[in-house]
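Contents: one structure, followed by commentary.
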Amino acid sequence: MIEAKGLKKTYTISKKAGFLRKEKQKVKAVDGIDLTISEGEIVGLLGLNGAGKTTTIKMLCTLLNPTAGTISVDGLDAVCDAMAVKGLVNMIAGGERMLYWRLTGAENLRYFGKLYGLHGLELEEKISSLLSQVGLSEVSDTPVELYSKGMKQRLQIARGLINDPRYLFLDEPTLGLDVPVAKQLRETVKNLAKEQQKGILLTSHYLEEVEELCDRVYIIEKGKIVLHDTPQKITETVVNEFHVSVETRTLSALEQSKLAKGLPSCKIQFLPSSDGTILEIKAPFDPTSIIIAICVEQKISIQKLELKRPRLEDAILALAKEKSA
Amino acid sequence: MWLPFSATFERNYLVMRRAFPWSFFLGHILSGVYIIVFAYLSYFYVFRGELNNRFISSAGTGDYLSYVILGGLLYSFSVSLLMIVSRAIITELREGTLEALLLSPSSRKGYYLGYMAQGFMRVGLEFFAITSAGYFFGLHLKNINWINIIVVLIVLILATFTQALILGTFMLYFRDTYITQNTLFVLMSLVCGITFPPAFLPESVALIGEIMPLTHGLDALRMVWIEGKPLSEVFPLLLKILVLGIVYFPIGAVCIKKMEKIVLEKHFG
Ligand SMILES: Nc1ncnc2c1ncn2[C@@H]1O[C@H](COP(=O)(O)OP(=O)(O)OP(=O)(O)O)[C@@H](O)[C@H]1O
Ligand SMILES: [Mg+2]
């Protein structure tokens, strides 16, 4: 298990203040974060731009030393035992960095494999199994500069798995990928956690992705955790508005008022459609059972009923609104 | 240490084969050849082939052409080596691969040595090219004890490697390669006795030459190459070079390691 306690990171930036004079400025990028990641679990780290996600990940994978706080990876300290920890973790960032463009896919993996102490037959087998796992076997001998974005990203995944890490950090892994490629990548990530029991920390600006993949989510803002729960719970606690739309035959004014009366605390709109009426209902609770009861009583046949469940995205928007209010 | 060494060596070899750094390669050969041509022309047309006694006594030889040709040869050799090793990390930073390297639990010593060993494939070609040009302008290649020369070169290479670590630290600090490296190279061309003995310089400036391995390496190389002196006579010079290396190595190794961390902190994205 990875356990971070009271994690802080303060950057010092020097700003020009006149000719040859510099002013030091401190930026609290991460400001006291506690988090845990267990094996076999996918944990999400959400937050707006500049919230401190990348900084947190860089500390967890030993690239940065925390200003304060501790990180323990299966009992090893990430600062004191950095070399041992490096063998247990790996990090994959979105974008096209962290690969040698002049080298082929296989050569990249061979290089990194050796840096992790692999060699000989073991290394070669690892390379070909990773390349086939990410679907790059056919282009293994093509220089990376000729790869598409998606192919580079998949090669990065292979690089991130070269040391068979117990914990994997993914910083916006689907950044700029098209829909099918991103979907495939999500499948891969799911398998890594569920079948290979890797602990995964994921940041992403695509909320459906987080909702689909993550068992738990931390929402951070200005370097502090503001919420920590499952995606469903977060959505439920933050968004308390249910949105139902119902299509029926054309309703009379009387029927409309009956419906409005039966749903007192809700907002109802009646919109005429080509072959009837569409009801748009916003309620602070799930109103479907009441709607159905009224319709049965009034002998109104329902052609279509749709409950739009609130999504994590709504939750984030609501949170952001709350903060700015 | 062996694995990072061979990994880096292989990687750079592949990159070199696919994208040979022609501009550096030709640039280093030309800088050596220019020194030789310039000295050749000034010797014959400005000084009319006459050397004054002060030169002969402080240079330890009356063979001015060989003196300068070896100066150009070893200068370009040093510059090449310094560049290869010192630019390693800043190049990773620029290409976005530094984080991937630092994520791995690999030995940095193996990494740098791999970089340097592979660099020799290029530096060796450069050395050969400049020596050939030097031969054309009058460098004598007869009765040379190559073993002595190789011993001098190896000692110089070790010290230059440690100097490159320090240069690399400065590059990372200033986030610049061009100005940093050229400041050092211009200084070296002035104080290390490439085309004239440092004794012609003001004493304080000549002192800077004392802390450059190249100065002593040149003295030693000229003694064994031009004068055919045995190794025992250049031993004090070799010792000086080694001492410089022993002083530079811990400083360079610690500083560049520190700088790697600092660079990551300053690096956005
Ligand atoms: N190297 C650095 N030096 C100084 N300040 C930095 C550095 N890196 C990040 N910051 C600042 O720290 C804060 C957190 O940055 P960080 O990159 O961790 O955010 P993020 O959550 O990953 O954002 P994004 O969603 O844009 O990737 C920001 O205010 C950023 O400007
Ligand atoms: Mg980020």
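The way I read the labels, and the way they are meant: chains A, B, ... in the order of the structure tokens, residue 1 as the first residue of every chain, and ligand 1 as the first ligand shown, with later ones counted on from there.
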- Message: Just want the residues within 8 Å of ligand 2, written as a list in words, counting only C-alpha atoms and all ligand atoms.
- Response: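 Using only C-alpha atoms and all ligand atoms, everything at most 8 Å from ligand 2 comes to Asn49, Gly50, Gly52, Lys53, Thr54, Thr55, Asp171, Glu172 and Thr203 of chain A; Gly269 of chain B.
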Written file, previous selection with N, CA and C atoms, as an mmCIF file, in the first residue's frame:
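Heads up, here's the output in selection.cif:
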data_model
loop_
_atom_site.group_PDB
_atom_site.id
_atom_site.type_symbol
_atom_site.label_atom_id
_atom_site.label_comp_id
_atom_site.auth_asym_id
_atom_site.auth_seq_id
_atom_site.Cartn_x
_atom_site.Cartn_y
_atom_site.Cartn_z
ATOM 1 N N ASN A 49 -7.162 22.885 -13.418
ATOM 2 C CA ASN A 49 -5.770 23.156 -13.799
ATOM 3 C C ASN A 49 -5.050 23.851 -12.655
ATOM 4 N N GLY A 50 -3.854 23.380 -12.367
ATOM 5 C CA GLY A 50 -3.056 24.017 -11.326
ATOM 6 C C GLY A 50 -3.429 23.609 -9.913
ATOM 7 N N GLY A 52 -2.625 20.910 -8.416
ATOM 8 C CA GLY A 52 -1.508 20.239 -7.756
ATOM 9 C C GLY A 52 -1.454 18.742 -8.034
ATOM 10 N N LYS A 53 -2.131 18.289 -9.055
ATOM 11 C CA LYS A 53 -2.175 16.853 -9.352
ATOM 12 C C LYS A 53 -0.812 16.338 -9.814
ATOM 13 N N THR A 54 -0.247 17.017 -10.806
ATOM 14 C CA THR A 54 1.030 16.561 -11.338
ATOM 15 C C THR A 54 2.115 16.612 -10.261
ATOM 16 N N THR A 55 2.089 17.672 -9.475
ATOM 17 C CA THR A 55 3.074 17.794 -8.403
ATOM 18 C C THR A 55 2.956 16.621 -7.434
ATOM 19 N N ASP A 171 -0.663 10.246 -15.430
ATOM 20 C CA ASP A 171 -1.000 11.670 -15.428
ATOM 21 C C ASP A 171 -1.615 12.022 -16.785
ATOM 22 N N GLU A 172 -2.900 12.143 -16.805
ATOM 23 C CA GLU A 172 -3.654 12.444 -18.029
ATOM 24 C C GLU A 172 -3.250 11.538 -19.188
ATOM 25 N N THR A 203 -4.922 10.673 -13.019
ATOM 26 C CA THR A 203 -5.519 12.004 -13.119
ATOM 27 C C THR A 203 -6.063 12.147 -14.522
ATOM 28 N N GLY B 269 5.480 21.302 -16.177
ATOM 29 C CA GLY B 269 4.821 20.414 -17.138
ATOM 30 C C GLY B 269 4.957 18.956 -16.793
#
Per residue of chain B within 9 Å of chain A, record the nearest atom pair and its distance in Å to one decimal, counting only C-alpha atoms, with rows in chain order and ascending residue number, as a Markdown table.
| residue | atom | partner | partner_atom | distance |
| --- | --- | --- | --- | --- |
| B:Leu3 | CA | A:Lys114 | CA | 5.6 |
| B:Pro4 | CA | A:Leu115 | CA | 5.3 |
| B:Ser6 | CA | A:Lys114 | CA | 8.3 |
| B:Ala7 | CA | A:Tyr111 | CA | 5.2 |
| B:Thr8 | CA | A:Tyr111 | CA | 7.2 |
| B:Glu10 | CA | A:Tyr111 | CA | 8.1 |
| B:Arg11 | CA | A:Tyr111 | CA | 6.8 |
| B:Leu14 | CA | A:Leu103 | CA | 7.2 |
| B:Val15 | CA | A:Arg102 | CA | 6.1 |
| B:Arg18 | CA | A:Arg102 | CA | 7.3 |
| B:Ala19 | CA | A:Arg102 | CA | 8.0 |
| B:Glu95 | CA | A:Arg97 | CA | 7.3 |
| B:Gly96 | CA | A:Arg97 | CA | 5.0 |
| B:Thr97 | CA | A:Met98 | CA | 4.2 |
| B:Leu98 | CA | A:Met98 | CA | 7.3 |
| B:Glu99 | CA | A:Met98 | CA | 6.9 |
| B:Ala100 | CA | A:Met98 | CA | 5.4 |
| B:Leu101 | CA | A:Phe112 | CA | 7.9 |
| B:Leu102 | CA | A:Leu63 | CA | 6.9 |
| B:Leu103 | CA | A:Lys86 | CA | 6.2 |
| B:Ser104 | CA | A:Lys86 | CA | 5.9 |
| B:Pro105 | CA | A:Met83 | CA | 5.2 |
| B:Ser106 | CA | A:Leu115 | CA | 5.3 |
| B:Ser107 | CA | A:Leu115 | CA | 8.2 |
| B:Lys261 | CA | A:Leu64 | CA | 7.2 |
| B:Leu264 | CA | A:Leu64 | CA | 7.2 |
| B:Glu265 | CA | A:Leu64 | CA | 6.8 |
| B:Lys266 | CA | A:Ile13 | CA | 8.0 |
| B:Gly269 | CA | A:Thr54 | CA | 7.9 |
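Of the listed residues B:Tyr178, B:Arg54, B:Glu126, B:Pro198, the one whose atoms come nearest to Trp22 in chain B is B:Glu126, with distances taken using only C-alpha atoms.
Atom 4 (C, counted along the ligand's line) of ligand 1 lies 15.1 Å from CA of Lys22 in chain A.
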- When distances are computed from only C-alpha atoms, which of B:Tyr45, B:Tyr173, B:Trp225, B:Phe235 shows the smallest separation from Asp63 in chain B?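 Smallest distance to Asp63 in chain B is found for B:Trp225.
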- Task: Using DSSP on the backbone coordinates, identify all residues within range 29-253 of chain A classified as strand (DSSP E); present the result as a ChimeraX atom specification.
- Result: /A:29-37,42-46,68-73,76-77,89-93,167-171,199-203,216-221,224-229,242-248
- Message: If we count only C-alpha atoms and set the cut-off at 8 Å, which residues sit around Leu172 in chain B, ignoring sequence neighbours fewer than 2 positions away in its own chain? Please answer as a list in words.
- Response: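 These residues fall inside the cut-off: Ile89, Ile90, Gly168, Thr169, Phe170, Phe174, Arg175, Asp176, Met259, Glu260 and Val263 of chain B.
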Pull N, CA and C atoms from the residues just selected and write them as a PDB file, in the first residue's frame.
ATOM      1  N   ILE B  89      22.803  15.442 -19.940  1.00  0.00           N
ATOM      2  CA  ILE B  89      21.566  15.607 -19.170  1.00  0.00           C
ATOM      3  C   ILE B  89      20.697  16.724 -19.728  1.00  0.00           C
ATOM      4  N   ILE B  90      21.326  17.816 -20.135  1.00  0.00           N
ATOM      5  CA  ILE B  90      20.506  18.924 -20.639  1.00  0.00           C
ATOM      6  C   ILE B  90      19.818  18.514 -21.946  1.00  0.00           C
ATOM      7  N   GLY B 168      28.792  20.474 -17.191  1.00  0.00           N
ATOM      8  CA  GLY B 168      27.385  20.082 -17.302  1.00  0.00           C
ATOM      9  C   GLY B 168      26.541  20.718 -16.208  1.00  0.00           C
ATOM     10  N   THR B 169      27.105  20.815 -14.998  1.00  0.00           N
ATOM     11  CA  THR B 169      26.387  21.463 -13.904  1.00  0.00           C
ATOM     12  C   THR B 169      26.070  22.914 -14.252  1.00  0.00           C
ATOM     13  N   PHE B 170      27.069  23.609 -14.790  1.00  0.00           N
ATOM     14  CA  PHE B 170      26.834  25.005 -15.170  1.00  0.00           C
ATOM     15  C   PHE B 170      25.763  25.102 -16.265  1.00  0.00           C
ATOM     16  N   PHE B 174      22.436  27.319 -15.875  1.00  0.00           N
ATOM     17  CA  PHE B 174      22.061  28.444 -16.743  1.00  0.00           C
ATOM     18  C   PHE B 174      21.019  28.047 -17.781  1.00  0.00           C
ATOM     19  N   ARG B 175      20.696  26.770 -17.846  1.00  0.00           N
ATOM     20  CA  ARG B 175      19.774  26.274 -18.858  1.00  0.00           C
ATOM     21  C   ARG B 175      20.238  26.659 -20.257  1.00  0.00           C
ATOM     22  N   ASP B 176      21.523  26.556 -20.471  1.00  0.00           N
ATOM     23  CA  ASP B 176      22.082  27.008 -21.729  1.00  0.00           C
ATOM     24  C   ASP B 176      23.265  26.121 -22.050  1.00  0.00           C
ATOM     25  N   MET B 259      22.012  19.132  -9.189  1.00  0.00           N
ATOM     26  CA  MET B 259      21.413  19.945 -10.248  1.00  0.00           C
ATOM     27  C   MET B 259      20.272  19.203 -10.938  1.00  0.00           C
ATOM     28  N   GLU B 260      20.408  17.893 -11.083  1.00  0.00           N
ATOM     29  CA  GLU B 260      19.332  17.107 -11.695  1.00  0.00           C
ATOM     30  C   GLU B 260      18.029  17.339 -10.935  1.00  0.00           C
ATOM     31  N   VAL B 263      16.752  20.941 -11.382  1.00  0.00           N
ATOM     32  CA  VAL B 263      16.167  21.148 -12.699  1.00  0.00           C
ATOM     33  C   VAL B 263      14.745  20.593 -12.751  1.00  0.00           C
TER      34      VAL B 263
END
- Query: Looking at only C-alpha atoms and all ligand atoms, which of A:Thr67, A:Ser204, A:Asn191, A:Gln153 is the one that sits closest to ligand 1?
  - Reply: A:Ser204
- Using only C-alpha atoms, determine which residues lie at most 12 Å from Ser148 in chain A, disregarding the query and same-chain residues fewer than 2 positions distant; provide the list as a PyMOL selection string. chain A and resi 95-96+101+136+139+142-146+150-155+176-178+181
- Item | Expected answer as an MDAnalysis selection string: alpha helix (DSSP H) residues in range 13-189 of chain A | chainID A and resid 53:60 82:88 105:115 120:133 149:161 179:189
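Nearest-residue note for ligand 1: choosing from A:Asp275, A:Glu241, A:Glu23, A:Asp31, the minimum distance belongs to A:Asp31, counting only C-alpha atoms and all ligand atoms.
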- Message: Which residue is closest to Ser72 in chain A? Choose from A:Ile57, A:Val30, A:Ala4, A:Asp229 and count only C-alpha atoms.
- Response: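 Comparing A:Ile57, A:Val30, A:Ala4, A:Asp229 against Ser72 in chain A, the winner is A:Ala4.
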- Message: Excluding His243 in chain A and its own-chain neighbours fewer than 4 positions away, which residues fall within 7 Å of it when counting only C-alpha atoms? Please give them as a VMD selection string.
- Response: chain A and resid 281 to 283 307 to 308
